[in-house]
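Notes follow the structure.
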Protein chains: 4
Amino acid sequence: MPLSELAPEEDRAPRRGRRKEARPGELLDAALDLFVEKGFAATRAEEVAARAGVSKGTLFLYFPSKEELFKAVVRENISGRFAEWEEEFKSFEGSTADMVRYCMRVWWERIGSTPASGITKLIISEARNFPDIAAFYQQEVIRPANQLIRRILQRGVERGEFRPLDIEYAVFSIVAPMVFLIMTKHSLGACVPQEYPLDPQRYIDAQLETLLQGLCVRPAAGGRP
Amino acid sequence: MPLSELAPEEDRAPRRGRRKEARPGELLDAALDLFVEKGFAATRAEEVAARAGVSKGTLFLYFPSKEELFKAVVRENISGRFAEWEEEFKSFEGSTADMVRYCMRVWWERIGSTPASGITKLIISEARNFPDIAAFYQQEVIRPANQLIRRILQRGVERGEFRPLDIEYAVFSIVAPMVFLIMTKHSLGACVPQEYPLDPQRYIDAQLETLLQGLCVRPAAGGRP
Amino acid sequence: MPLSELAPEEDRAPRRGRRKEARPGELLDAALDLFVEKGFAATRAEEVAARAGVSKGTLFLYFPSKEELFKAVVRENISGRFAEWEEEFKSFEGSTADMVRYCMRVWWERIGSTPASGITKLIISEARNFPDIAAFYQQEVIRPANQLIRRILQRGVERGEFRPLDIEYAVFSIVAPMVFLIMTKHSLGACVPQEYPLDPQRYIDAQLETLLQGLCVRPAAGGRP
Amino acid sequence: MPLSELAPEEDRAPRRGRRKEARPGELLDAALDLFVEKGFAATRAEEVAARAGVSKGTLFLYFPSKEELFKAVVRENISGRFAEWEEEFKSFEGSTADMVRYCMRVWWERIGSTPASGITKLIISEARNFPDIAAFYQQEVIRPANQLIRRILQRGVERGEFRPLDIEYAVFSIVAPMVFLIMTKHSLGACVPQEYPLDPQRYIDAQLETLLQGLCVRPAAGGRP
DNA sequence: GATGAATGAGAATTCATTCAT
DNA sequence: GATGAATGAATTCTCATTCAT
């Protein structure tokens, strides 16, 4: 048995033949990056393949067309974690303000700061070229996300922590700053270095401060925001 | 005197034939629409020409390349109105909360609700393909806009109307909802009809409500903003 | 009678409306220059018009197509002077060597040094794209020219001035240096300045020297070269 | 051992399919032919591809643009054989007249009669559209060629075989007939069949006869040339 | 399975030619 | 007659996709 076979595959020079099962994933990662960076139309299939370390032909071995690759990228990066999050929130013990804080921070940790955040920019940029993908994303991500936030706001109002709200539209007070942060990160933030990137902690703190004071009932005096 | 003579010349210009003066504008309008809708790469030059009612060749008579057309679209739609707005705000008499309200509403009227709003989506989507245009836009639009808002917030804080703020980042509490509204309008909002479009008045009112309560000092008691 | 009419037309500012009858000629001159410089296909009709100081439309007013313009250029620059030259030579009194000298020098004066020399380069470059023009040129220019030279050589041989020659092919001993000089002038000579242009007098003298010694009978005795 | 194994590999290569090694050469050959025939501008890239038996796309796989193809054609057909020829001449034993004869005949065999001769017509026709290529050709081909001929003439003069010459310009007495023969072959000669083609042996013999008698010292006495 | 040479439909761009003014 | 805005056929070049190896 040659020594080379003892080393884990990826530790060896990955010149050729990496873990086979990993290829589609690497292609999807590369595709996400490039689609986010340049848009669907301006991304060349060969570039995706090159970044994934395979040849052009291999890309089409796993995905029948560039469009199918796009769909797979969206599917792959759709957070299917809403059920899990609903659970976390159902058993949440603290104040609703804390829920909102937790919500934004955990979102940043698990989504916003990861490459998956790019999917948001991608969908926004490409929605009108792929209306069915857009509808799918609306269905699978945006609607559940909004629903989750709506429940939080409802809880706040019901428990007398938040003032009466136009809940349907108040949702966007939470969503907009998150979307804005992502858009910034993936567009201007990636190419106008003297002004960006924003500091995400400071950004989220600043938004939360104003947001929560804006949502909470104004007490004779107020607890910490 | 026939009524028709009251109409400005260009309204009676021949639908086809010589109209050198009008062409570039029509092409820029068509291009803005299509670039916003499909992105730069996915928009065919011939489509732009067709939408402007001219032939492919005519487009290249006025713009030496598709890329120059893109740049011209951005240049054309850059709001050079910040000086004017600064003026309006300098002489503003009311409360700073009213300034913020005025700011968002007037923005919607003059920018958000017009086709020019598309430029924001366009820049965000294409920034990384056109970094110099992005830098230019940052310089000419974003920086002055942020500066304007920063001044408003400063005024609020200085006059004791707003609580102490991380002004640099508090700016985004005003910008984010506006950008989000535009993005919605130009992406999902244009292709997932069952959930959109948002009602802009209601949206702006809801955001202002939370935003202003979030910014203002908490009074012992307070009239609603 | 207005004063302006006294001045010769071309002396006045030729901003607009030059001598009408002159236009086709100016177009032909411009076209010859540009066709020689860049070739037929690489010359744009608008450039020809611009160099002639008229608009694109005017060009097509005088010549129904770019190809017809080309044909007119060739026709215009065809030396119809062979009859006249035949005459000159018929009554020529001196030695045949002097005829040859006279021939090359007069050719340089009347053709080689003028813009009309470009037609040779043009024909050589474009012959295969315009075989009928090539045939026409062969018929109208090359054949008579060769005929003229053939007669000179014949005279030299008949009078015992020249040695016996393969007259048909000896013609090229006179033609080749002239064609070469023109080709040099209009191609490399126009763009490799450190080696060119050749000095035409010196060139012609050098060629004549060798040529005539080569043609003349060797005075006393001589091994074949 | 089967005979077929003696044939070089590329002779047995499949007419279609993978032939990366052979493609550029085939394309260059096709391009040389067509550029010589029709000129650079009038030759369509697709035609070149078709003549090489491949598709449009394949051409651009090997050459990034039509202009680079042109440059490659010139580079490919530049005779790098001057060193070798210098060698042949250095060790030449016979008379200088024989050298001149050998020179023209060997030139016809190795260059003039091959497709590579087209490069001369190509350069002359396109020099002004590609001045840098022209300069390169001047540098790499014309200058060494002239140098070679200059040395021959010098040898003739030094050994008392040739009369005193304006060597710089006498070079053209050898070059001009060769260039003329090539130009004839590739332009009128290819499209006015009733007068052409010239018989190269007869042409070269006729030129040599006159040329050498013109160069050699006149044996006993001499009338003025 | 993987590759990359080859393909050809499609997009940007050019430019001869037309024609309303 | 002259103009130059407009046209669209023709051309260069790109790139998703195929397929022989």
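Within each chain, counting starts at residue 1; across the structure tokens, chains are named A, B, ... in the order shown, with ligands numbered 1 upward in that order.
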Based on only C-alpha atoms, which of the residues in chain C come within 7 Å of chain D? I want them as a VMD selection string. chain C and resid 37 to 38 41 to 42 124 to 125 127 to 129 131 134 to 135 166 169 to 170 173 176 to 177 180 187 to 188 190 to 192 203 206 to 207 209 to 215 219 to 222 225
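Note on identical chains: chain D superimposed on chain A gives 3.5 Å, C-alpha RMSD over every paired atom.
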With 8 Å as the cut-off and only C-alpha atoms (C1' of nucleotides) counted, what is the closest atom pair between each nearby residue of chain C and chain E? Distances in Å to one decimal, ordered by chain and number, as a tab-separated table.
```
residue	atom	partner	partner_atom	distance
C:Arg44	CA	E:DC15	C1'	7.3
C:Ala45	CA	E:DA16	C1'	7.3
C:Ser65	CA	E:DA16	C1'	7.9
C:Lys66	CA	E:DA16	C1'	7.6
```
Please identify all polymer residues within 7 Å of range 144-158 of chain C, counting only C-alpha atoms (C1' of nucleotides), omitting same-chain residues fewer than 2 positions from it, and present them as a PyMOL selection string. chain C and resi 82+86+96+140-142+160-164+167+171
Given a cut-off of 10 Å, which residues of chain F touch chain A, counting only C-alpha atoms (C1' of nucleotides), written out as a PDB file with N, CA, C and O atoms (P, O5', C5', C4', C3', O3' and C1' of nucleotides), in the first residue's frame?
```pdb
ATOM      1  P    DC F  15     -17.917  35.949 -22.335  1.00  0.00           P
ATOM      2  O5'  DC F  15     -18.759  34.603 -22.350  1.00  0.00           O
ATOM      3  C5'  DC F  15     -20.088  34.654 -22.887  1.00  0.00           C
ATOM      4  C4'  DC F  15     -20.652  33.249 -22.955  1.00  0.00           C
ATOM      5  C3'  DC F  15     -20.081  32.277 -21.915  1.00  0.00           C
ATOM      6  O3'  DC F  15     -21.141  31.432 -21.549  1.00  0.00           O
ATOM      7  C1'  DC F  15     -19.755  31.394 -24.038  1.00  0.00           C
ATOM      8  P    DA F  16     -21.371  31.040 -20.060  1.00  0.00           P
ATOM      9  O5'  DA F  16     -22.538  29.966 -20.205  1.00  0.00           O
ATOM     10  C5'  DA F  16     -23.791  30.384 -20.703  1.00  0.00           C
ATOM     11  C4'  DA F  16     -24.392  29.309 -21.592  1.00  0.00           C
ATOM     12  C3'  DA F  16     -24.634  27.962 -20.923  1.00  0.00           C
ATOM     13  O3'  DA F  16     -25.849  27.446 -21.458  1.00  0.00           O
ATOM     14  C1'  DA F  16     -23.132  27.676 -22.734  1.00  0.00           C
ATOM     15  P    DT F  17     -26.441  26.129 -20.835  1.00  0.00           P
ATOM     16  O5'  DT F  17     -25.840  24.997 -21.769  1.00  0.00           O
ATOM     17  C5'  DT F  17     -26.155  25.039 -23.161  1.00  0.00           C
ATOM     18  C4'  DT F  17     -25.363  23.980 -23.895  1.00  0.00           C
ATOM     19  C3'  DT F  17     -25.327  22.593 -23.249  1.00  0.00           C
ATOM     20  O3'  DT F  17     -25.899  21.702 -24.185  1.00  0.00           O
ATOM     21  C1'  DT F  17     -23.204  23.200 -24.054  1.00  0.00           C
ATOM     22  P    DT F  18     -26.011  20.174 -23.919  1.00  0.00           P
ATOM     23  O5'  DT F  18     -24.974  19.546 -24.945  1.00  0.00           O
ATOM     24  C5'  DT F  18     -24.979  20.029 -26.283  1.00  0.00           C
ATOM     25  C4'  DT F  18     -23.857  19.362 -27.051  1.00  0.00           C
ATOM     26  C3'  DT F  18     -23.765  17.842 -26.868  1.00  0.00           C
ATOM     27  O3'  DT F  18     -23.492  17.319 -28.159  1.00  0.00           O
ATOM     28  C1'  DT F  18     -21.699  18.821 -26.304  1.00  0.00           C
ATOM     29  P    DC F  19     -23.748  15.835 -28.507  1.00  0.00           P
ATOM     30  O5'  DC F  19     -22.299  15.177 -28.492  1.00  0.00           O
ATOM     31  C5'  DC F  19     -21.247  15.807 -29.232  1.00  0.00           C
ATOM     32  C4'  DC F  19     -19.933  15.133 -28.909  1.00  0.00           C
ATOM     33  C3'  DC F  19     -20.065  13.663 -28.474  1.00  0.00           C
ATOM     34  O3'  DC F  19     -18.920  12.982 -28.940  1.00  0.00           O
ATOM     35  C1'  DC F  19     -18.983  14.842 -26.811  1.00  0.00           C
TER      36       DC F  19
END
```
Identify, with DSSP run on backbone atoms, the residues in range 11-214 of chain B assigned to helix (DSSP H, G or I), and express the list as a ChimeraX atom specification. /B:11-12,23-38,45-51,56-62,66-76,82-90,96-112,115-129,131-158,167-186,188-190,200-214
Distance CA of Phe70 in chain C-CA of Gly112 in chain C, one decimal place? 20.2 Å
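For the atom pair formed by CA of Ala30 in chain C and CA of Ala52 in chain C, the distance is 5.7 Å, given to one decimal.
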